Amino acid sequence: MLLYLSIFTILISVVLLWYNWKSNKNAICLSLVFILTSFFGIGHYYIVSGSSRFWLAVFYNNFAPFMFLIGPFLYCYVRNTLNDSHSQFKKDWFHFIPAIIALIGTMPYLFQPFEKKLQIADQIIENLDAIKKIDVNLFYTMGESFALRTLVAFIYLLYCIYLLWKSYPSKIKENSVPKRQFLVTFRWLVILLTSLLFIFLSFIILAFKAANSMSSKSIDDGSVLYIIAGFAYCVMSFSLILFPEILYGIPRKNTTNTAKKKKELNKIDPEKDPFFDLNTAILKHLHEDKPFLKPEFSVSDIALNLKAPQNHISYCITYLMETKFSKLKTELRIQHALELLKKGVNSTLTIEAIGKQSGFKTRSNFYAAFKEATGFTPTEYIEQTNTEA
């Protein structure tokens, strides 16, 4: 179960990176937290339950130094998300010190021949208690290594919880950040940090047991803790699916109480919205640069050009322009096509060519969108225009 759950989490991390890495660099930190935690889970599975000497040799201790980065990457993600910034450890190099020390201490083990690591894997499979006698680091034992990296991650987690508490919605000024966006992010962070709290607490207890007793006995005595950690791990992994705003970087439209929400929005002066300037910049970019003429045009293209987070762009389109991105894109393309037809380019270009120059991928898409917008097909529109002229 732990193995499949870890693999699933890695897949989720890939989706998270795919949709966010260009426009929201914080997603890189969150993905790394998930990936490193998954590697920890996979390694633990092959040590405790697995029977594959090859995979045990691959995962045993080779990734241990990088486990010290779970806490720093988590801190980076939470801090930057709450501050709405994208700084990536430019002034925080000291967060890497524990990982660097662990890497230096692990070097002799890392550069051992793989055949030697296979022999170590055989010893562990034959007798789990052999872990206590295997040298994995120049500075500390396996039990101490497990305890240290878990403790470091736990300390970072506690500070992240403190940062989240400081940013509780009631403490946020009304116009300092879009409230709907913040509440979604806040709820996600509560679930993420709560899940990690149970995971880290369980493993801290197990780590100190392992450091002071035989490994197999610690595992037998810690079955309840494993169940708690496994459940929390499952919640952390699957909860991301329930937050497409975080996973895909796009706000989810809430269709409940629509009339009430519109009434509340009408009370707010758009010019007082914290993203009013960004909204103006988006409109200027669309009308002057016409990025929608590219067939693959997406929200991330606007985010990259304006160097703004993708969720901010989506917020402006949804709440300030009060439309959907797909609808806005189609309207802009139809407007461009109409401008081309008014200039008489149909005398030198085919209808299909005009559609492609306007950003439509296919003739059928162009015809369908054009008729929905004007009530006529492009051919009928040209004929009517010629008749009126």
# chains A, B, ... in the order shown; residues from 1 in each chain; ligands from 1

call {"tool": "closest_atom_pairs", "arguments": {"of": "segment 47-77 of chain A", "to": "segment 143-154 of chain A", "cutoff": "7 Å", "atoms": "only C-alpha atoms", "output": "JSON lines"}}
result
{"residue": "A:Met67", "atom": "CA", "partner": "A:Arg149", "partner_atom": "CA", "distance": 6.3}
{"residue": "A:Phe68", "atom": "CA", "partner": "A:Arg149", "partner_atom": "CA", "distance": 5.2}
{"residue": "A:Ile70", "atom": "CA", "partner": "A:Ala153", "partner_atom": "CA", "distance": 6.1}
{"residue": "A:Gly71", "atom": "CA", "partner": "A:Ala153", "partner_atom": "CA", "distance": 4.2}

call {"tool": "write_last_selection", "arguments": {"atoms": "all heavy atoms", "output": "short mmCIF file (atom, residue, chain, number, x, y, z; two decimals), in the first residue's frame"}}
result
data_model
loop_
_atom_site.label_atom_id
_atom_site.label_comp_id
_atom_site.auth_asym_id
_atom_site.auth_seq_id
_atom_site.Cartn_x
_atom_site.Cartn_y
_atom_site.Cartn_z
N MET A 67 16.61 14.02 2.19
CA MET A 67 15.45 14.07 3.09
C MET A 67 15.52 15.28 4.01
O MET A 67 14.51 15.74 4.52
CB MET A 67 15.37 12.78 3.92
CG MET A 67 15.17 11.50 3.11
SD MET A 67 13.70 11.49 2.07
CE MET A 67 14.43 11.61 0.44
N PHE A 68 16.74 15.81 4.21
CA PHE A 68 16.89 17.02 5.03
C PHE A 68 16.33 18.26 4.33
O PHE A 68 16.23 19.33 4.94
CB PHE A 68 18.36 17.26 5.36
CG PHE A 68 18.90 16.36 6.44
CD1 PHE A 68 19.55 15.18 6.12
CD2 PHE A 68 18.73 16.68 7.77
CE1 PHE A 68 20.05 14.34 7.11
CE2 PHE A 68 19.22 15.86 8.78
CZ PHE A 68 19.88 14.68 8.44
N ILE A 70 13.25 18.32 2.90
CA ILE A 70 11.79 18.35 2.97
C ILE A 70 11.32 19.58 3.74
O ILE A 70 10.43 20.31 3.29
CB ILE A 70 11.25 17.06 3.62
CG1 ILE A 70 11.53 15.86 2.73
CG2 ILE A 70 9.74 17.18 3.87
CD1 ILE A 70 11.11 14.53 3.33
N GLY A 71 11.92 19.81 4.91
CA GLY A 71 11.55 20.96 5.74
C GLY A 71 11.80 22.30 5.05
O GLY A 71 10.89 23.13 4.98
#

call {"tool": "closest_residue", "arguments": {"among": "A:Val48, A:Ile104, A:Leu157, A:Val78", "to": "Leu189 of chain A", "atoms": "only C-alpha atoms"}}
result
A:Val78

call {"tool": "atom_distance", "arguments": {"atom1": "atom CA of Tyr60 of chain A", "atom2": "atom CA of Leu158 of chain A"}}
result
27.8 Å

call {"tool": "residues_around", "arguments": {"residues": "segment 278-281 of chain A", "least_positions_apart": "2", "cutoff": "8 Å", "atoms": "only C-alpha atoms", "output": "ChimeraX atom specification"}}
result
/A:275-276,283-285,306,313,316-317,320-321

call {"tool": "write_last_selection", "arguments": {"atoms": "all heavy atoms", "output": "compact mmCIF listing (two decimals), in the first residue's frame"}}
result
# COMPACT_ATOMS: atom_id res chain seq x y z
N PHE A 275 -6.01 43.83 -7.60
CA PHE A 275 -5.49 43.39 -8.90
C PHE A 275 -6.01 44.23 -10.06
O PHE A 275 -5.96 43.81 -11.21
CB PHE A 275 -5.84 41.92 -9.13
CG PHE A 275 -5.04 40.97 -8.28
CD1 PHE A 275 -5.47 39.67 -8.09
CD2 PHE A 275 -3.87 41.37 -7.67
CE1 PHE A 275 -4.74 38.78 -7.31
CE2 PHE A 275 -3.13 40.50 -6.89
CZ PHE A 275 -3.57 39.20 -6.71
N PHE A 276 -6.52 45.42 -9.75
CA PHE A 276 -7.06 46.27 -10.82
C PHE A 276 -5.98 46.65 -11.83
O PHE A 276 -6.21 46.63 -13.04
CB PHE A 276 -7.68 47.54 -10.21
CG PHE A 276 -8.20 48.50 -11.24
CD1 PHE A 276 -9.40 48.24 -11.90
CD2 PHE A 276 -7.48 49.64 -11.58
CE1 PHE A 276 -9.88 49.12 -12.87
CE2 PHE A 276 -7.95 50.52 -12.55
CZ PHE A 276 -9.16 50.25 -13.20
N LEU A 283 -5.56 43.52 -20.23
CA LEU A 283 -6.35 44.04 -21.35
C LEU A 283 -5.47 44.73 -22.39
O LEU A 283 -5.64 44.56 -23.60
CB LEU A 283 -7.42 45.01 -20.83
CG LEU A 283 -8.54 44.39 -19.98
CD1 LEU A 283 -9.42 45.46 -19.38
CD2 LEU A 283 -9.38 43.43 -20.84
N LYS A 284 -4.50 45.50 -21.90
CA LYS A 284 -3.57 46.19 -22.81
C LYS A 284 -2.75 45.17 -23.60
O LYS A 284 -2.56 45.32 -24.82
CB LYS A 284 -2.65 47.10 -22.00
CG LYS A 284 -1.68 47.91 -22.87
CD LYS A 284 -0.80 48.80 -22.00
CE LYS A 284 0.20 49.58 -22.88
NZ LYS A 284 1.09 50.43 -22.06
N HIS A 285 -2.28 44.15 -22.92
CA HIS A 285 -1.49 43.11 -23.58
C HIS A 285 -2.30 42.37 -24.64
O HIS A 285 -1.81 42.11 -25.75
CB HIS A 285 -0.99 42.12 -22.51
CG HIS A 285 -0.34 40.89 -23.06
ND1 HIS A 285 0.78 40.92 -23.85
CD2 HIS A 285 -0.67 39.57 -22.91
CE1 HIS A 285 1.13 39.69 -24.18
NE2 HIS A 285 0.26 38.85 -23.62
N LEU A 306 3.51 38.76 -18.71
CA LEU A 306 3.36 39.83 -17.71
C LEU A 306 4.13 39.53 -16.43
O LEU A 306 4.13 40.34 -15.51
CB LEU A 306 1.87 40.03 -17.39
CG LEU A 306 0.99 40.48 -18.55
CD1 LEU A 306 -0.44 40.69 -18.06
CD2 LEU A 306 1.52 41.75 -19.19
N ILE A 313 -3.84 35.93 -12.86
CA ILE A 313 -4.42 36.19 -14.18
C ILE A 313 -5.82 35.62 -14.24
O ILE A 313 -6.76 36.28 -14.70
CB ILE A 313 -3.55 35.55 -15.29
CG1 ILE A 313 -2.09 36.05 -15.22
CG2 ILE A 313 -4.15 35.83 -16.66
CD1 ILE A 313 -1.91 37.52 -15.45
N CYS A 316 -8.33 37.76 -12.33
CA CYS A 316 -8.74 38.98 -13.06
C CYS A 316 -9.78 38.65 -14.13
O CYS A 316 -10.78 39.37 -14.28
CB CYS A 316 -7.53 39.64 -13.71
SG CYS A 316 -6.37 40.37 -12.53
N ILE A 317 -9.56 37.57 -14.86
CA ILE A 317 -10.48 37.20 -15.94
C ILE A 317 -11.83 36.79 -15.37
O ILE A 317 -12.89 37.20 -15.87
CB ILE A 317 -9.89 36.06 -16.79
CG1 ILE A 317 -8.64 36.55 -17.53
CG2 ILE A 317 -10.91 35.54 -17.79
CD1 ILE A 317 -7.87 35.46 -18.25
N LEU A 320 -12.89 40.17 -12.36
CA LEU A 320 -12.87 41.57 -12.79
C LEU A 320 -13.44 41.74 -14.19
O LEU A 320 -14.18 42.67 -14.47
CB LEU A 320 -11.46 42.14 -12.69
CG LEU A 320 -10.86 42.18 -11.27
CD1 LEU A 320 -9.50 42.86 -11.28
CD2 LEU A 320 -11.80 42.90 -10.31
N MET A 321 -13.07 40.81 -15.09
CA MET A 321 -13.65 40.85 -16.44
C MET A 321 -15.01 40.12 -16.48
O MET A 321 -15.76 40.27 -17.44
CB MET A 321 -12.70 40.21 -17.45
CG MET A 321 -11.37 40.89 -17.57
SD MET A 321 -10.33 40.10 -18.84
CE MET A 321 -8.72 40.79 -18.41

call {"tool": "residues_around", "arguments": {"residues": "Ile120 of chain A", "least_positions_apart": "6", "cutoff": "10 Å", "atoms": "only C-alpha atoms", "output": "mmCIF file with all heavy atoms, in the first residue's frame"}}
result
data_model
loop_
_atom_site.group_PDB
_atom_site.id
_atom_site.type_symbol
_atom_site.label_atom_id
_atom_site.label_comp_id
_atom_site.auth_asym_id
_atom_site.auth_seq_id
_atom_site.Cartn_x
_atom_site.Cartn_y
_atom_site.Cartn_z
ATOM 1 N N ARG A 53 16.213 -7.155 -3.751
ATOM 2 C CA ARG A 53 17.552 -6.684 -3.360
ATOM 3 C C ARG A 53 18.001 -5.515 -4.239
ATOM 4 O O ARG A 53 18.715 -4.618 -3.772
ATOM 5 C CB ARG A 53 18.556 -7.842 -3.432
ATOM 6 C CG ARG A 53 18.763 -8.413 -4.825
ATOM 7 C CD ARG A 53 19.484 -9.757 -4.754
ATOM 8 N NE ARG A 53 20.822 -9.643 -4.225
ATOM 9 C CZ ARG A 53 21.920 -9.564 -4.983
ATOM 10 N NH1 ARG A 53 21.814 -9.567 -6.305
ATOM 11 N NH2 ARG A 53 23.108 -9.495 -4.427
ATOM 12 N N LEU A 56 16.082 -2.305 -3.105
ATOM 13 C CA LEU A 56 16.552 -1.951 -1.762
ATOM 14 C C LEU A 56 17.939 -1.310 -1.859
ATOM 15 O O LEU A 56 18.219 -0.310 -1.176
ATOM 16 C CB LEU A 56 16.594 -3.190 -0.870
ATOM 17 C CG LEU A 56 17.067 -2.967 0.570
ATOM 18 C CD1 LEU A 56 16.237 -1.890 1.255
ATOM 19 C CD2 LEU A 56 16.999 -4.272 1.355
ATOM 20 N N ALA A 57 18.791 -1.844 -2.715
ATOM 21 C CA ALA A 57 20.125 -1.267 -2.910
ATOM 22 C C ALA A 57 20.041 0.128 -3.526
ATOM 23 O O ALA A 57 20.871 0.997 -3.243
ATOM 24 C CB ALA A 57 20.954 -2.185 -3.805
ATOM 25 N N TYR A 60 18.075 2.379 -0.420
ATOM 26 C CA TYR A 60 18.611 2.410 0.935
ATOM 27 C C TYR A 60 19.748 3.416 1.060
ATOM 28 O O TYR A 60 20.811 3.273 0.442
ATOM 29 C CB TYR A 60 19.104 1.014 1.354
ATOM 30 C CG TYR A 60 19.697 0.986 2.746
ATOM 31 C CD1 TYR A 60 18.885 1.131 3.856
ATOM 32 C CD2 TYR A 60 21.077 0.846 2.931
ATOM 33 C CE1 TYR A 60 19.422 1.121 5.128
ATOM 34 C CE2 TYR A 60 21.625 0.842 4.204
ATOM 35 C CZ TYR A 60 20.783 0.982 5.308
ATOM 36 O OH TYR A 60 21.324 0.981 6.567
ATOM 37 N N PHE A 114 28.120 -0.796 -6.680
ATOM 38 C CA PHE A 114 26.722 -1.223 -6.520
ATOM 39 C C PHE A 114 26.646 -2.667 -6.014
ATOM 40 O O PHE A 114 25.703 -3.032 -5.304
ATOM 41 C CB PHE A 114 25.978 -1.088 -7.849
ATOM 42 C CG PHE A 114 24.489 -1.238 -7.713
ATOM 43 C CD1 PHE A 114 23.733 -0.266 -7.072
ATOM 44 C CD2 PHE A 114 23.839 -2.362 -8.214
ATOM 45 C CE1 PHE A 114 22.360 -0.409 -6.936
ATOM 46 C CE2 PHE A 114 22.472 -2.513 -8.079
ATOM 47 C CZ PHE A 114 21.722 -1.529 -7.446
ATOM 48 N N GLU A 126 17.797 -10.486 4.959
ATOM 49 C CA GLU A 126 17.974 -11.678 5.798
ATOM 50 C C GLU A 126 17.677 -11.377 7.255
ATOM 51 O O GLU A 126 17.046 -12.170 7.958
ATOM 52 C CB GLU A 126 19.395 -12.207 5.651
ATOM 53 C CG GLU A 126 19.645 -13.490 6.423
ATOM 54 C CD GLU A 126 21.057 -13.998 6.228
ATOM 55 O OE1 GLU A 126 21.753 -13.532 5.291
ATOM 56 O OE2 GLU A 126 21.485 -14.871 7.007
ATOM 57 N N ALA A 130 20.231 -6.023 11.134
ATOM 58 C CA ALA A 130 21.574 -5.749 10.619
ATOM 59 C C ALA A 130 21.766 -4.273 10.286
ATOM 60 O O ALA A 130 22.898 -3.787 10.197
ATOM 61 C CB ALA A 130 21.843 -6.597 9.369
ATOM 62 N N ILE A 131 20.660 -3.553 10.125
ATOM 63 C CA ILE A 131 20.733 -2.112 9.833
ATOM 64 C C ILE A 131 21.545 -1.384 10.902
ATOM 65 O O ILE A 131 22.292 -0.444 10.610
ATOM 66 C CB ILE A 131 19.312 -1.506 9.751
ATOM 67 C CG1 ILE A 131 18.651 -1.931 8.449
ATOM 68 C CG2 ILE A 131 19.343 0.013 9.838
ATOM 69 C CD1 ILE A 131 17.246 -1.393 8.265
ATOM 70 N N ILE A 134 25.350 -1.387 10.113
ATOM 71 C CA ILE A 134 25.843 -0.914 8.813
ATOM 72 C C ILE A 134 26.217 0.558 8.901
ATOM 73 O O ILE A 134 25.410 1.392 9.344
ATOM 74 C CB ILE A 134 24.773 -1.120 7.714
ATOM 75 C CG1 ILE A 134 24.432 -2.608 7.576
ATOM 76 C CG2 ILE A 134 25.247 -0.563 6.377
ATOM 77 C CD1 ILE A 134 23.234 -2.871 6.672
#

call {"tool": "select_by_dssp", "arguments": {"residues": "segment 60-204 of chain A", "states": "helix (DSSP H, G or I)", "output": "number ranges by chain"}}
result
A: 64-83, 93-110, 114-126, 128-133, 142-166, 169-171, 179-204

call {"tool": "closest_residue", "arguments": {"among": "A:Ala337, A:Val33, A:Ala369, A:Ile302", "to": "Leu17 of chain A", "atoms": "only C-alpha atoms"}}
result
A:Val33

call {"tool": "closest_residue", "arguments": {"among": "A:Ala121, A:Leu304, A:Ile191, A:Ala373", "to": "Leu338 of chain A", "atoms": "only C-alpha atoms"}}
result
A:Ala373

call {"tool": "residues_around", "arguments": {"residues": "Ile228 of chain A", "least_positions_apart": "6", "cutoff": "12 Å", "atoms": "only C-alpha atoms", "output": "list of chain:residue names"}}
result
A:Ser195, A:Leu196, A:Leu197, A:Phe198, A:Ile199, A:Phe200, A:Leu201, A:Ser202, A:Phe203, A:Leu206, A:Gly222, A:Cys234, A:Val235

call {"tool": "atom_distance", "arguments": {"atom1": "atom CA of Lys133 of chain A", "atom2": "atom CA of Ile155 of chain A"}}
result
28.4 Å

call {"tool": "residues_around", "arguments": {"residues": "Tyr45 of chain A", "least_positions_apart": "3", "cutoff": "12 Å", "atoms": "only C-alpha atoms", "output": "list of chain:residue names"}}
result
A:Met1, A:Leu2, A:Leu3, A:Tyr4, A:Leu5, A:Ser6, A:Ile7, A:Ser38, A:Phe39, A:Phe40, A:Gly41, A:Ile42, A:Val48, A:Ser49, A:Gly50, A:Ser51, A:Ser52, A:Trp55, A:Leu56, A:Phe59, A:Tyr60, A:Ile125, A:Ile219, A:Tyr226, A:Gly230

call {"tool": "residues_around", "arguments": {"residues": "Asn305 of chain A", "least_positions_apart": "5", "cutoff": "10 Å", "atoms": "only C-alpha atoms", "output": "list in words"}}
result
Ser23, Ile282, His285, Pro291 and Ser300 of chain A
